[in-house]
$ cat final.txt   # compact mmCIF, C-alpha atoms
# COMPACT_ATOMS: atom_id res chain seq x y z
CA MET A 7 288.37 149.11 189.64
CA VAL A 8 287.82 149.92 193.33
CA HIS A 9 284.49 151.66 193.93
CA CYS A 10 284.01 155.17 195.25
CA ALA A 11 284.27 155.43 199.03
CA ARG A 12 281.57 158.12 199.38
CA VAL A 13 279.02 157.07 202.00
CA ASP A 14 276.21 159.27 203.31
CA GLY A 15 277.61 162.30 201.51
CA SER A 16 281.20 161.99 202.71
CA CYS A 17 284.32 160.34 201.35
CA LYS A 18 287.25 159.31 203.52
CA ARG A 19 289.59 159.22 200.53
CA CYS A 20 288.78 162.67 199.15
CA GLU A 21 287.75 164.82 202.09
CA GLY A 22 289.68 166.23 205.03
CA GLU A 23 292.67 168.50 205.58
CA LEU A 24 295.99 168.03 203.83
CA PRO A 25 299.16 168.07 205.99
CA PHE A 26 300.67 170.83 203.83
CA ASP A 27 299.59 174.11 202.24
CA PHE A 28 299.65 175.04 198.57
CA THR A 29 298.28 177.63 196.19
CA MET A 30 297.66 178.06 192.48
CA ALA A 31 299.38 180.11 189.81
CA PHE A 32 297.61 180.95 186.56
CA GLN A 33 299.13 180.98 183.08
CA PRO A 34 297.23 182.33 180.07
CA ILE A 35 296.49 180.38 176.91
CA VAL A 36 296.06 182.72 173.94
CA ASP A 37 294.45 182.52 170.53
CA VAL A 38 296.57 184.47 168.08
CA SER A 39 293.82 184.54 165.42
CA LEU A 40 291.41 186.11 167.91
CA ALA A 41 294.12 188.26 169.55
CA ARG A 42 292.91 187.46 173.05
CA VAL A 43 293.41 185.20 176.04
CA VAL A 44 290.91 182.34 175.89
CA THR A 45 291.87 180.18 178.90
CA HIS A 46 293.96 180.24 182.05
CA GLU A 47 295.60 177.05 183.30
CA ALA A 48 295.79 176.54 187.07
CA LEU A 49 299.21 175.26 188.17
CA VAL A 50 300.15 174.08 191.66
CA ARG A 51 302.67 176.14 193.59
CA GLY A 52 303.92 176.41 197.17
CA ILE A 53 302.44 179.24 199.21
CA ASN A 54 305.70 181.19 198.83
CA GLY A 55 305.96 180.50 195.11
CA GLU A 56 307.85 177.23 195.42
CA SER A 57 307.80 174.86 192.44
CA ALA A 58 305.02 172.41 191.68
CA TRP A 59 307.40 169.56 192.50
CA SER A 60 307.96 170.90 196.02
CA VAL A 61 304.24 170.38 196.59
CA ILE A 62 303.60 167.23 194.58
CA SER A 63 306.54 165.45 196.23
CA GLN A 64 304.58 165.59 199.49
CA VAL A 65 301.58 163.79 198.01
CA THR A 66 301.67 160.20 199.24
CA ASP A 67 299.45 157.46 197.82
CA ASP A 68 296.93 157.85 200.63
CA LEU A 69 296.70 161.61 199.95
CA LEU A 70 296.39 161.36 196.18
CA TYR A 71 292.59 161.57 195.99
CA ARG A 72 292.33 164.29 198.62
CA PHE A 73 294.98 166.37 196.86
CA ASP A 74 293.28 166.04 193.47
CA GLN A 75 289.98 167.27 194.92
CA ALA A 76 291.67 170.09 196.86
CA CYS A 77 293.39 171.35 193.68
CA ARG A 78 290.08 171.57 191.84
CA VAL A 79 288.40 173.45 194.66
CA LYS A 80 291.27 175.91 195.19
CA ALA A 81 291.62 176.61 191.46
CA ILE A 82 287.94 177.48 191.09
CA GLU A 83 287.86 179.55 194.26
CA MET A 84 290.91 181.58 193.23
CA ALA A 85 289.75 182.01 189.62
CA SER A 86 286.42 183.33 190.86
CA ALA A 87 288.09 185.71 193.34
CA LEU A 88 290.21 187.10 190.47
CA ASN A 89 287.09 187.58 188.29
CA MET A 90 288.68 185.45 185.60
CA PRO A 91 286.76 186.15 182.36
CA THR A 92 288.08 183.11 180.46
CA ALA A 93 287.75 179.36 180.69
CA LEU A 94 289.69 177.67 183.52
CA SER A 95 291.83 174.61 182.81
CA ILE A 96 292.55 172.25 185.72
CA ASN A 97 294.90 169.26 185.70
CA PHE A 98 293.51 166.02 187.03
CA LEU A 99 294.96 162.65 187.90
CA PRO A 100 293.04 159.83 186.15
CA ASN A 101 293.91 157.32 188.85
CA ALA A 102 292.45 159.67 191.49
CA VAL A 103 288.97 159.36 189.97
CA TYR A 104 287.03 156.27 191.03
CA GLU A 105 283.62 157.12 189.61
CA PRO A 106 283.34 160.34 187.56
CA GLU A 107 279.83 161.22 188.74
CA ALA A 108 280.79 160.82 192.39
CA CYS A 109 284.28 162.32 192.27
CA ILE A 110 283.03 165.46 190.51
CA GLN A 111 280.75 166.43 193.40
CA ALA A 112 283.27 168.71 195.15
CA THR A 113 283.86 170.49 191.84
CA LEU A 114 280.14 170.98 191.31
CA ASP A 115 279.66 172.17 194.88
CA VAL A 116 282.36 174.85 194.76
CA SER A 117 281.25 175.97 191.28
CA ARG A 118 277.72 176.52 192.54
CA ARG A 119 278.97 178.25 195.68
CA VAL A 120 281.12 180.83 193.84
CA GLY A 121 278.98 181.03 190.72
CA TRP A 122 281.51 179.55 188.31
CA PRO A 123 279.88 178.46 184.99
CA MET A 124 280.29 174.75 184.31
CA ASN A 125 280.85 175.38 180.60
CA ARG A 126 284.04 177.29 181.44
CA LEU A 127 285.81 174.30 182.99
CA ILE A 128 288.40 172.24 181.13
CA PHE A 129 290.06 169.19 182.66
CA GLU A 130 293.59 168.32 181.52
CA ILE A 131 294.73 164.72 181.62
CA THR A 132 298.28 164.90 182.88
CA GLU A 133 301.19 162.57 182.14
CA THR A 134 302.30 162.38 185.77
CA GLU A 135 301.21 158.75 185.97
CA ARG A 136 300.78 155.92 183.50
CA VAL A 137 297.14 155.21 182.77
CA ARG A 138 296.45 151.84 184.36
CA ASP A 139 292.97 151.38 182.91
CA ARG A 140 292.43 153.05 179.55
CA GLN A 141 288.73 152.16 179.47
CA HIS A 142 288.33 153.88 182.82
CA LEU A 143 289.94 157.04 181.44
CA ARG A 144 287.67 156.88 178.40
CA ASN A 145 284.69 156.63 180.72
CA ILE A 146 285.87 159.73 182.60
CA ILE A 147 286.20 161.74 179.38
CA GLU A 148 282.77 160.66 178.16
CA ALA A 149 281.16 161.35 181.54
CA TYR A 150 282.74 164.81 181.73
CA ARG A 151 281.54 165.59 178.21
CA GLU A 152 278.00 164.63 179.17
CA MET A 153 278.25 167.02 182.14
CA GLY A 154 279.25 169.86 179.81
CA PHE A 155 283.00 169.93 180.55
CA LYS A 156 285.83 169.94 178.01
CA THR A 157 288.88 167.70 178.31
CA ALA A 158 292.45 168.09 177.08
CA LEU A 159 295.31 165.63 176.70
CA ASP A 160 298.38 167.33 178.16
CA ASP A 161 301.98 166.94 176.93
CA PHE A 162 300.93 165.29 173.67
CA GLY A 163 303.93 163.79 171.90
CA ASN A 164 306.02 163.11 175.00
CA GLY A 165 306.07 160.66 177.90
CA TYR A 166 302.83 158.76 178.44
CA ALA A 167 300.72 161.09 176.27
CA ASN A 168 301.49 159.40 172.96
CA LEU A 169 299.70 158.80 169.68
CA ASP A 170 298.31 155.40 170.64
CA LEU A 171 296.08 156.99 173.32
CA LEU A 172 293.98 158.51 170.53
CA THR A 173 292.91 155.05 169.39
CA ASP A 174 290.73 154.92 172.52
CA LEU A 175 290.38 158.47 173.83
CA THR A 176 288.46 161.41 172.40
CA PRO A 177 289.61 164.56 174.22
CA ASP A 178 288.44 167.92 172.91
CA LYS A 179 291.96 169.40 172.92
CA LEU A 180 295.53 168.23 172.40
CA LYS A 181 298.29 170.19 174.13
CA ILE A 182 301.48 169.74 172.13
CA ASP A 183 304.52 169.19 174.33
CA ARG A 184 307.37 171.72 174.41
CA GLU A 185 309.73 169.07 173.04
CA LEU A 186 308.02 169.37 169.65
CA VAL A 187 307.52 173.15 169.86
CA MET A 188 311.03 174.36 170.64
CA ASN A 189 312.95 175.67 167.62
CA CYS A 190 310.01 174.86 165.35
CA ASP A 191 310.67 178.04 163.39
CA HIS A 192 313.82 176.54 161.85
CA ASP A 193 313.85 172.81 162.69
CA THR A 194 312.46 171.05 159.61
CA ARG A 195 311.92 167.73 161.40
CA ARG A 196 309.77 169.37 164.05
CA GLN A 197 307.93 171.28 161.34
CA ALA A 198 307.09 168.02 159.56
CA LEU A 199 305.79 166.47 162.78
CA LEU A 200 303.76 169.54 163.72
CA ASN A 201 302.23 169.78 160.25
CA SER A 202 301.18 166.14 160.58
CA ILE A 203 299.62 166.82 163.98
CA VAL A 204 297.63 169.72 162.49
CA LEU A 205 296.15 167.36 159.88
CA LEU A 206 295.50 164.71 162.53
CA ALA A 207 293.65 167.17 164.75
CA GLN A 208 291.54 168.34 161.83
CA GLU A 209 290.55 164.76 161.02
CA LEU A 210 289.69 163.97 164.63
CA GLY A 211 287.96 167.30 165.34
CA MET A 212 290.33 168.31 168.14
CA THR A 213 291.70 171.76 169.01
CA LEU A 214 295.49 172.10 169.22
CA ILE A 215 297.36 174.10 171.86
CA ALA A 216 301.13 174.54 171.64
CA GLU A 217 302.80 174.44 175.06
CA GLY A 218 306.11 175.99 176.00
CA VAL A 219 306.22 178.76 173.39
CA GLU A 220 309.26 180.82 174.36
CA THR A 221 310.12 182.98 171.35
CA ARG A 222 308.34 185.25 168.91
CA ALA A 223 309.69 183.19 166.01
CA GLU A 224 308.11 180.03 167.42
CA ALA A 225 304.80 181.81 167.98
CA LEU A 226 304.71 183.11 164.41
CA TRP A 227 305.61 179.80 162.79
CA LEU A 228 303.00 177.95 164.83
CA ALA A 229 300.27 180.44 163.98
CA ARG A 230 301.11 180.30 160.28
CA ALA A 231 300.96 176.50 160.49
CA GLY A 232 297.43 176.72 161.88
CA ILE A 233 298.21 176.32 165.60
CA ASP A 234 296.67 179.55 166.88
CA ARG A 235 296.24 178.53 170.51
CA GLN A 236 299.49 178.85 172.39
CA GLN A 237 300.88 178.93 175.92
CA GLY A 238 304.34 179.67 177.27
CA PHE A 239 306.83 182.08 178.78
CA PHE A 240 306.81 184.19 175.61
CA TYR A 241 303.37 185.35 176.66
CA ALA A 242 303.52 185.13 180.45
CA LYS A 243 304.92 183.08 183.29
CA PRO A 244 302.47 181.54 185.76
CA ALA A 245 301.39 184.16 188.31
CA ILE A 246 299.97 183.74 191.80
CA ASN A 247 296.97 185.94 192.64
CA SER A 248 297.12 187.49 189.18
CA LEU A 249 295.87 186.80 185.67
CA GLY A 250 299.09 188.16 184.19
CA PRO A 251 299.83 191.13 181.93
CA ASP A 252 297.62 192.69 179.27
CA LEU A 253 298.51 190.67 176.16
CA VAL A 254 296.17 192.33 173.68
CA PRO A 255 298.78 194.71 172.14
CA LEU A 256 301.23 191.85 171.65
CA LEU A 257 298.56 189.58 170.18
CA LEU A 258 297.27 192.21 167.79
CA ASP A 259 300.81 192.78 166.57
CA LEU A 260 301.39 189.03 166.16
CA ARG A 261 298.13 188.54 164.29
CA GLU A 262 299.02 191.30 161.85
CA GLU A 263 302.48 189.83 161.25
CA VAL A 264 301.00 186.36 160.71
CA CYS A 265 298.56 187.74 158.13
CA VAL A 266 301.31 189.62 156.32
CA GLY A 267 303.46 186.49 156.20
CA LEU A 268 300.60 184.34 154.86
CA GLU A 269 299.76 186.90 152.20
CA ALA A 270 303.39 187.09 151.10
CA SER A 271 303.69 183.31 150.86
CA SER A 272 300.61 183.10 148.63
CA TYR A 273 302.32 184.98 145.80

$ encode --input "final.txt" --output "structure tokens"
Amino acid sequence: MVHCARVDGSCKRCEGELPFDFTMAFQPIVDVSLARVVTHEALVRGINGESAWSVISQVTDDLLYRFDQACRVKAIEMASALNMPTALSINFLPNAVYEPEACIQATLDVSRRVGWPMNRLIFEITETERVRDRQHLRNIIEAYREMGFKTALDDFGNGYANLDLLTDLTPDKLKIDRELVMNCDHDTRRQALLNSIVLLAQELGMTLIAEGVETRAEALWLARAGIDRQQGFFYAKPAINSLGPDLVPLLLDLREEVCVGLEASSY
């Protein structure tokens, strides 16, 4: 593992201007049982709403660390400006963190500057790169936990975010990939897998979040299966300079329908 390049308070890898502009869009994560939005995830976008890929494709190896730091800072600044009342979830690149205590300094600095509470930060481990050093990633998760942050394993069940990671890693949350979520209301194979993941999460003490929920039927089945935390286009698309629509009426209606369905199935 190469050591952090911070010397005398500055880091040539992480600090300085990027040769391109970007912004953040925010997508809500809801809890159906509570009937409220509990988190917003910050997602990279071009300044005119271009896709995340249009931005990430410009990130060369020598800009990786600087980009990772810039995303954290911009997400917190924008969330604060929008008076976000929920937790903020930020994606991070494991291979862009040399030493957790050193590489978190920009995050701590901007949080103090804008008054963002540390206990409302969640860091999502993304699948955009294969983890080269699993022990290093474990150290990051443990260091972040000691600092009071939560961590989430993104895209669980697809790509690099597979079951074997949980033999070494202890994230607070598992975000179930859309591949397992889609058509879960009538696909019995997906239902079997999701029910197994619910039991797994209970045993390991992890919170589940279903990603990519696109229909009411999916949302209802997931909630009745015990996966109350959900994210997807059914609720809201990512929005720039906005926290999205008022979802309380929809969530209250869903919660009532879930309860009715559970009561009916108990007879």

$ residues_near_point --input "final.txt" --point "(299.1, 159.6, 203.0)" --cutoff "12 Å" --atoms "all atoms listed in the file" --output "ChimeraX atom specification"
/A:18-20,22-26,63-73

$ residues_around --input "final.txt" --residues "A:Asn201" --least-positions-apart "2" --cutoff "12 Å" --atoms "all atoms listed in the file" --output "compact mmCIF listing (two decimals) with C-alpha atoms, in the frame of the given file"
# COMPACT_ATOMS: atom_id res chain seq x y z
CA ILE A 182 301.48 169.74 172.13
CA LEU A 186 308.02 169.37 169.65
CA VAL A 187 307.52 173.15 169.86
CA CYS A 190 310.01 174.86 165.35
CA THR A 194 312.46 171.05 159.61
CA ARG A 195 311.92 167.73 161.40
CA ARG A 196 309.77 169.37 164.05
CA GLN A 197 307.93 171.28 161.34
CA ALA A 198 307.09 168.02 159.56
CA LEU A 199 305.79 166.47 162.78
CA ILE A 203 299.62 166.82 163.98
CA VAL A 204 297.63 169.72 162.49
CA LEU A 205 296.15 167.36 159.88
CA LEU A 206 295.50 164.71 162.53
CA ALA A 207 293.65 167.17 164.75
CA GLN A 208 291.54 168.34 161.83
CA LEU A 214 295.49 172.10 169.22
CA TRP A 227 305.61 179.80 162.79
CA LEU A 228 303.00 177.95 164.83
CA ALA A 229 300.27 180.44 163.98
CA ARG A 230 301.11 180.30 160.28
CA ALA A 231 300.96 176.50 160.49
CA GLY A 232 297.43 176.72 161.88
CA ILE A 233 298.21 176.32 165.60

$ atom_distance --input "final.txt" --atom1 "atom CA of A:Pro100" --atom2 "atom CA of A:Glu220"
29.0 Å

$ residues_around --input "final.txt" --residues "stretch 51-60 of chain A" --least-positions-apart "2" --cutoff "8 Å" --atoms "all atoms listed in the file" --output "list in words"
Asp27, Phe28, Thr29, Met30, Ala31, Leu49, Ile62, Ser63, Gln64 and Ile246 of chain A

$ closest_residue --input "final.txt" --among "A:Glu83, A:Gly218, A:Ala41, A:Phe162" --to "A:Arg119" --atoms "all atoms listed in the file"
A:Glu83

$ residues_around --input "final.txt" --residues "A:Phe32" --least-positions-apart "4" --cutoff "8 Å" --atoms "all atoms listed in the file" --output "ChimeraX atom specification"
/A:46-49,244-250

$ atom_distance --input "final.txt" --atom1 "atom CA of A:Leu169" --atom2 "atom CA of A:Phe129"
19.2 Å

$ residues_around --input "final.txt" --residues "A:Glu263" --least-positions-apart "5" --cutoff "12 Å" --atoms "only C-alpha atoms" --output "VMD selection string"
chain A and resid 38 to 39 41 222 to 223 225 to 227 229 to 230 256 to 258 268 to 270

$ decode --input "final.txt" --residues "stretch 42-62 of chain A" --atoms "N, CA and C atoms" --output "mmCIF file, in the first residue's frame"
data_model
loop_
_atom_site.group_PDB
_atom_site.id
_atom_site.type_symbol
_atom_site.label_atom_id
_atom_site.label_comp_id
_atom_site.auth_asym_id
_atom_site.auth_seq_id
_atom_site.Cartn_x
_atom_site.Cartn_y
_atom_site.Cartn_z
ATOM 1 N N ARG A 42 -41.437 7.948 5.544
ATOM 2 C CA ARG A 42 -40.668 9.184 5.360
ATOM 3 C C ARG A 42 -39.357 8.895 4.630
ATOM 4 N N VAL A 43 -38.778 9.960 4.110
ATOM 5 C CA VAL A 43 -37.454 9.884 3.490
ATOM 6 C C VAL A 43 -36.421 9.895 4.612
ATOM 7 N N VAL A 44 -35.478 8.957 4.566
ATOM 8 C CA VAL A 44 -34.489 8.859 5.636
ATOM 9 C C VAL A 44 -33.077 9.254 5.186
ATOM 10 N N THR A 45 -32.834 9.203 3.877
ATOM 11 C CA THR A 45 -31.497 9.490 3.345
ATOM 12 C C THR A 45 -31.634 10.046 1.938
ATOM 13 N N HIS A 46 -30.666 10.822 1.513
ATOM 14 C CA HIS A 46 -30.533 11.199 0.102
ATOM 15 C C HIS A 46 -29.147 10.755 -0.372
ATOM 16 N N GLU A 47 -29.115 10.092 -1.519
ATOM 17 C CA GLU A 47 -27.831 9.707 -2.101
ATOM 18 C C GLU A 47 -27.378 10.772 -3.092
ATOM 19 N N ALA A 48 -26.115 11.172 -2.993
ATOM 20 C CA ALA A 48 -25.526 12.128 -3.923
ATOM 21 C C ALA A 48 -24.962 11.375 -5.124
ATOM 22 N N LEU A 49 -25.372 11.780 -6.328
ATOM 23 C CA LEU A 49 -24.964 11.111 -7.558
ATOM 24 C C LEU A 49 -24.347 12.122 -8.515
ATOM 25 N N VAL A 50 -23.224 11.788 -9.084
ATOM 26 C CA VAL A 50 -22.494 12.687 -9.972
ATOM 27 C C VAL A 50 -23.267 12.929 -11.260
ATOM 28 N N ARG A 51 -23.288 14.182 -11.685
ATOM 29 C CA ARG A 51 -23.895 14.554 -12.956
ATOM 30 C C ARG A 51 -23.075 15.677 -13.594
ATOM 31 N N GLY A 52 -23.223 15.822 -14.921
ATOM 32 C CA GLY A 52 -22.633 16.971 -15.598
ATOM 33 C C GLY A 52 -23.385 18.232 -15.224
ATOM 34 N N ILE A 53 -22.783 19.381 -15.430
ATOM 35 C CA ILE A 53 -23.398 20.631 -14.982
ATOM 36 C C ILE A 53 -24.686 20.949 -15.740
ATOM 37 N N ASN A 54 -24.890 20.309 -16.884
ATOM 38 C CA ASN A 54 -26.142 20.491 -17.626
ATOM 39 C C ASN A 54 -27.027 19.243 -17.546
ATOM 40 N N GLY A 55 -26.787 18.446 -16.501
ATOM 41 C CA GLY A 55 -27.587 17.249 -16.303
ATOM 42 C C GLY A 55 -27.103 16.026 -17.053
ATOM 43 N N GLU A 56 -25.915 16.089 -17.621
ATOM 44 C CA GLU A 56 -25.386 14.931 -18.337
ATOM 45 C C GLU A 56 -25.204 13.749 -17.381
ATOM 46 N N SER A 57 -25.099 12.556 -17.937
ATOM 47 C CA SER A 57 -25.015 11.331 -17.149
ATOM 48 C C SER A 57 -23.756 11.274 -16.296
ATOM 49 N N ALA A 58 -23.790 10.394 -15.305
ATOM 50 C CA ALA A 58 -22.612 10.184 -14.465
ATOM 51 C C ALA A 58 -21.425 9.720 -15.320
ATOM 52 N N TRP A 59 -21.707 8.873 -16.310
ATOM 53 C CA TRP A 59 -20.625 8.345 -17.139
ATOM 54 C C TRP A 59 -19.917 9.458 -17.903
ATOM 55 N N SER A 60 -20.659 10.470 -18.325
ATOM 56 C CA SER A 60 -20.036 11.566 -19.072
ATOM 57 C C SER A 60 -18.998 12.286 -18.230
ATOM 58 N N VAL A 61 -19.180 12.239 -16.913
ATOM 59 C CA VAL A 61 -18.206 12.851 -16.000
ATOM 60 C C VAL A 61 -17.101 11.863 -15.650
ATOM 61 N N ILE A 62 -17.501 10.665 -15.224
ATOM 62 C CA ILE A 62 -16.530 9.681 -14.753
ATOM 63 C C ILE A 62 -15.564 9.270 -15.852
#
